[in-house]
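Have a look at the structure below, then the notes.
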Protein chains: 2
Amino acid sequence: MPDSNDVERCGFLFVHQDTVRQVTEQMPEDEKLYDLAELFKVFGDSTRIKILYALFEAELCVCDIAQLLGLTQSAVSHQLRVLKSGRLVKPRKEGKTVFYSLADDHVRTLIAQGMEHIEE
Amino acid sequence: MPDSNDVERCGFLFVHQDTVRQVTEQMPEDEKLYDLAELFKVFGDSTRIKILYALFEAELCVCDIAQLLGLTQSAVSHQLRVLKSGRLVKPRKEGKTVFYSLADDHVRTLIAQGMEHIEE
DNA sequence: ATAATATATGAACAATCAATCATATGTTTG
DNA sequence: CAAACATATGATTGATTGTTCATATATTAT
């Protein structure tokens, strides 16, 4: 029987205060959860995934990527902007050309982990 | 100077046929890339991220999650449906109550990796 | 059987987003 | 300087998405 500290709703929640406290305590702050969702959102588009995969093997310029994936230059540029603001790719300017490469190894790791889940 | 096999566009692409071949060869099939994007899309919402975090510590029923996160039962149910179809959570029915828990460890790993990227 | 409870589902609406088109910026070449 | 080229950006549009509200389904209790 729940004691006076317990708020009984749907028969379960708050029946075990310690579990609730544990869940609440380990929950990161809202802003972090929001940022995390934003990060995954960047991965959540097949065009951007393709661009990242293309950059797995080589540094490529915008035009290269567009040709390789059969996309318009504009579409690629817009998506690179998203990837860049998520710090997943980084640009290197060389004259009028801009080469993009993966920003760090988290990109590879995350995609690899995702693939594992898909393929299991 | 590019040889006859090279198609010169924007000055770079197809200048090095081997790089292009390498990029093309390691690129997974379109359907897999699409599925991968779909998976990340599931992680790409702060409500769903919150639900997953709540399930890190404990198996919870729909009503528990709703109360814990200050959401309506309907909203939670709709999102659990998305998480379930992405095989990120699994239900366990007990009478009229349905308890949800994380489907496997990829969820934890992926979120942990994402957090690393956010926090660096 | 009826009421109460927990969850699921369908329709509707506002918000977000990716692609497109047109154009701007910036760099090199003649 | 003007033309050509690589990339970036802004506006628009069709499509997708998360929440809400109302209701349906399923299980338990009276």
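Each chain in the structure tokens gets a letter, A, B, ..., in the order shown, and its residues are numbered from 1; ligands are numbered from 1 in order too.
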
Which residues are close to Leu110 (chain B), i.e. within 9 Å by only C-alpha atoms (C1' of nucleotides), leaving aside same-chain residues fewer than 5 positions away? Reply as a ChimeraX atom specification. /A:109-110,113-114 /B:105,115

Per-residue nearest contacts of chain D to chain A (8 Å; only C-alpha atoms (C1' of nucleotides)) as a Markdown table:
```
| residue | atom | partner | partner_atom | distance |
| --- | --- | --- | --- | --- |
| D:DC5 | C1' | A:Lys96 | CA | 8.0 |
| D:DA6 | C1' | A:Lys96 | CA | 5.5 |
| D:DT7 | C1' | A:Ser77 | CA | 7.4 |
| D:DA8 | C1' | A:Ser77 | CA | 7.1 |
```

Proximal residues of chain C relative to chain B (only C-alpha atoms (C1' of nucleotides); 9 Å) as a count of residues only: 5

Just list as a PyMOL selection string whatever in region 4-106 of chain B DSSP marks as alpha helix (DSSP H). chain B and resi 17-26+30-43+46-57+62-69+73-85+105-106

Check which residues of chain B sit at most 9 Å from chain A using only C-alpha atoms, and return one row each with the closest pair of atoms and their distance in Å to one decimal, ordered by chain and rising number, as CSV.
```
residue,atom,partner,partner_atom,distance
B:Arg9,CA,A:Cys63,CA,8.0
B:Cys10,CA,A:Cys63,CA,6.3
B:Phe12,CA,A:Asp64,CA,7.0
B:Leu13,CA,A:Asp64,CA,5.1
B:Phe14,CA,A:Asp64,CA,8.3
B:Thr19,CA,A:Ala58,CA,7.0
B:Val20,CA,A:Leu68,CA,8.0
B:Gln22,CA,A:Glu57,CA,7.0
B:Val23,CA,A:Glu57,CA,5.7
B:Thr24,CA,A:Ala54,CA,7.7
B:Gln26,CA,A:Glu57,CA,8.2
B:Met27,CA,A:Tyr53,CA,6.4
B:Pro28,CA,A:Tyr53,CA,8.5
B:Asp30,CA,A:Ser46,CA,8.6
B:Lys32,CA,A:Ile118,CA,8.0
B:Leu33,CA,A:Ser46,CA,6.0
B:Tyr34,CA,A:Ser46,CA,5.3
B:Asp35,CA,A:Ile118,CA,7.2
B:Leu36,CA,A:Met115,CA,6.5
B:Ala37,CA,A:Gly44,CA,4.4
B:Glu38,CA,A:Gly44,CA,6.1
B:Leu39,CA,A:Gly44,CA,7.2
B:Phe40,CA,A:Gly44,CA,4.6
B:Lys41,CA,A:Gly44,CA,4.2
B:Val42,CA,A:Gly44,CA,7.9
B:Phe43,CA,A:Phe40,CA,5.7
B:Gly44,CA,A:Lys41,CA,4.2
B:Asp45,CA,A:Ala37,CA,5.0
B:Ser46,CA,A:Ala37,CA,5.1
B:Thr47,CA,A:Ala37,CA,8.6
B:Arg48,CA,A:Ala37,CA,8.5
B:Ile49,CA,A:Ala37,CA,6.6
B:Lys50,CA,A:Leu33,CA,7.0
B:Tyr53,CA,A:Met27,CA,6.4
B:Ala54,CA,A:Val23,CA,5.7
B:Leu55,CA,A:Val23,CA,7.9
B:Phe56,CA,A:Val23,CA,7.7
B:Glu57,CA,A:Val23,CA,5.7
B:Ala58,CA,A:Thr19,CA,7.1
B:Leu60,CA,A:Leu13,CA,8.3
B:Cys61,CA,A:Phe12,CA,7.8
B:Cys63,CA,A:Cys10,CA,6.3
B:Asp64,CA,A:Leu13,CA,5.0
B:Ile65,CA,A:Leu13,CA,8.5
B:Gln67,CA,A:Leu13,CA,7.9
B:Leu68,CA,A:Val20,CA,8.0
B:Arg87,CA,A:His117,CA,8.8
B:Thr97,CA,A:Cys10,CA,8.5
B:His106,CA,A:His117,CA,6.4
B:Val107,CA,A:His117,CA,8.7
B:Thr109,CA,A:Gln113,CA,7.6
B:Leu110,CA,A:Leu110,CA,6.4
B:Ile111,CA,A:Leu36,CA,8.0
B:Gln113,CA,A:Leu110,CA,6.5
B:Gly114,CA,A:Leu36,CA,6.4
B:Met115,CA,A:Leu36,CA,6.4
B:Glu116,CA,A:His106,CA,8.0
B:His117,CA,A:His106,CA,6.4
B:Ile118,CA,A:Leu36,CA,6.7
B:Glu119,CA,A:Lys32,CA,8.8
```

Can you pull out every residue within 9 Å of region 9-14 of chain D, counting only C-alpha atoms (C1' of nucleotides), but drop anything in the same chain fewer than 3 positions away, and send it as a ChimeraX atom specification? /A:78 /C:20-21,23-24

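Picture a line from CA of Leu71 (chain B) to CA of Ser85 (chain B); it runs 20.5 Å.
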
Show me a table, sorted first by chain and then by increasing residue number, of the residues of chain D having an atom at most 9 Å from region 12-17 of chain C, each with its shortest atom pair and the distance in Å to one decimal, counting only C-alpha atoms (C1' of nucleotides) and written as CSV.
```
residue,atom,partner,partner_atom,distance
D:DA15,C1',C:DC17,C1',8.5
D:DT16,C1',C:DC17,C1',7.8
D:DT17,C1',C:DT16,C1',7.6
D:DG18,C1',C:DA15,C1',8.8
D:DT20,C1',C:DA12,C1',8.9
```
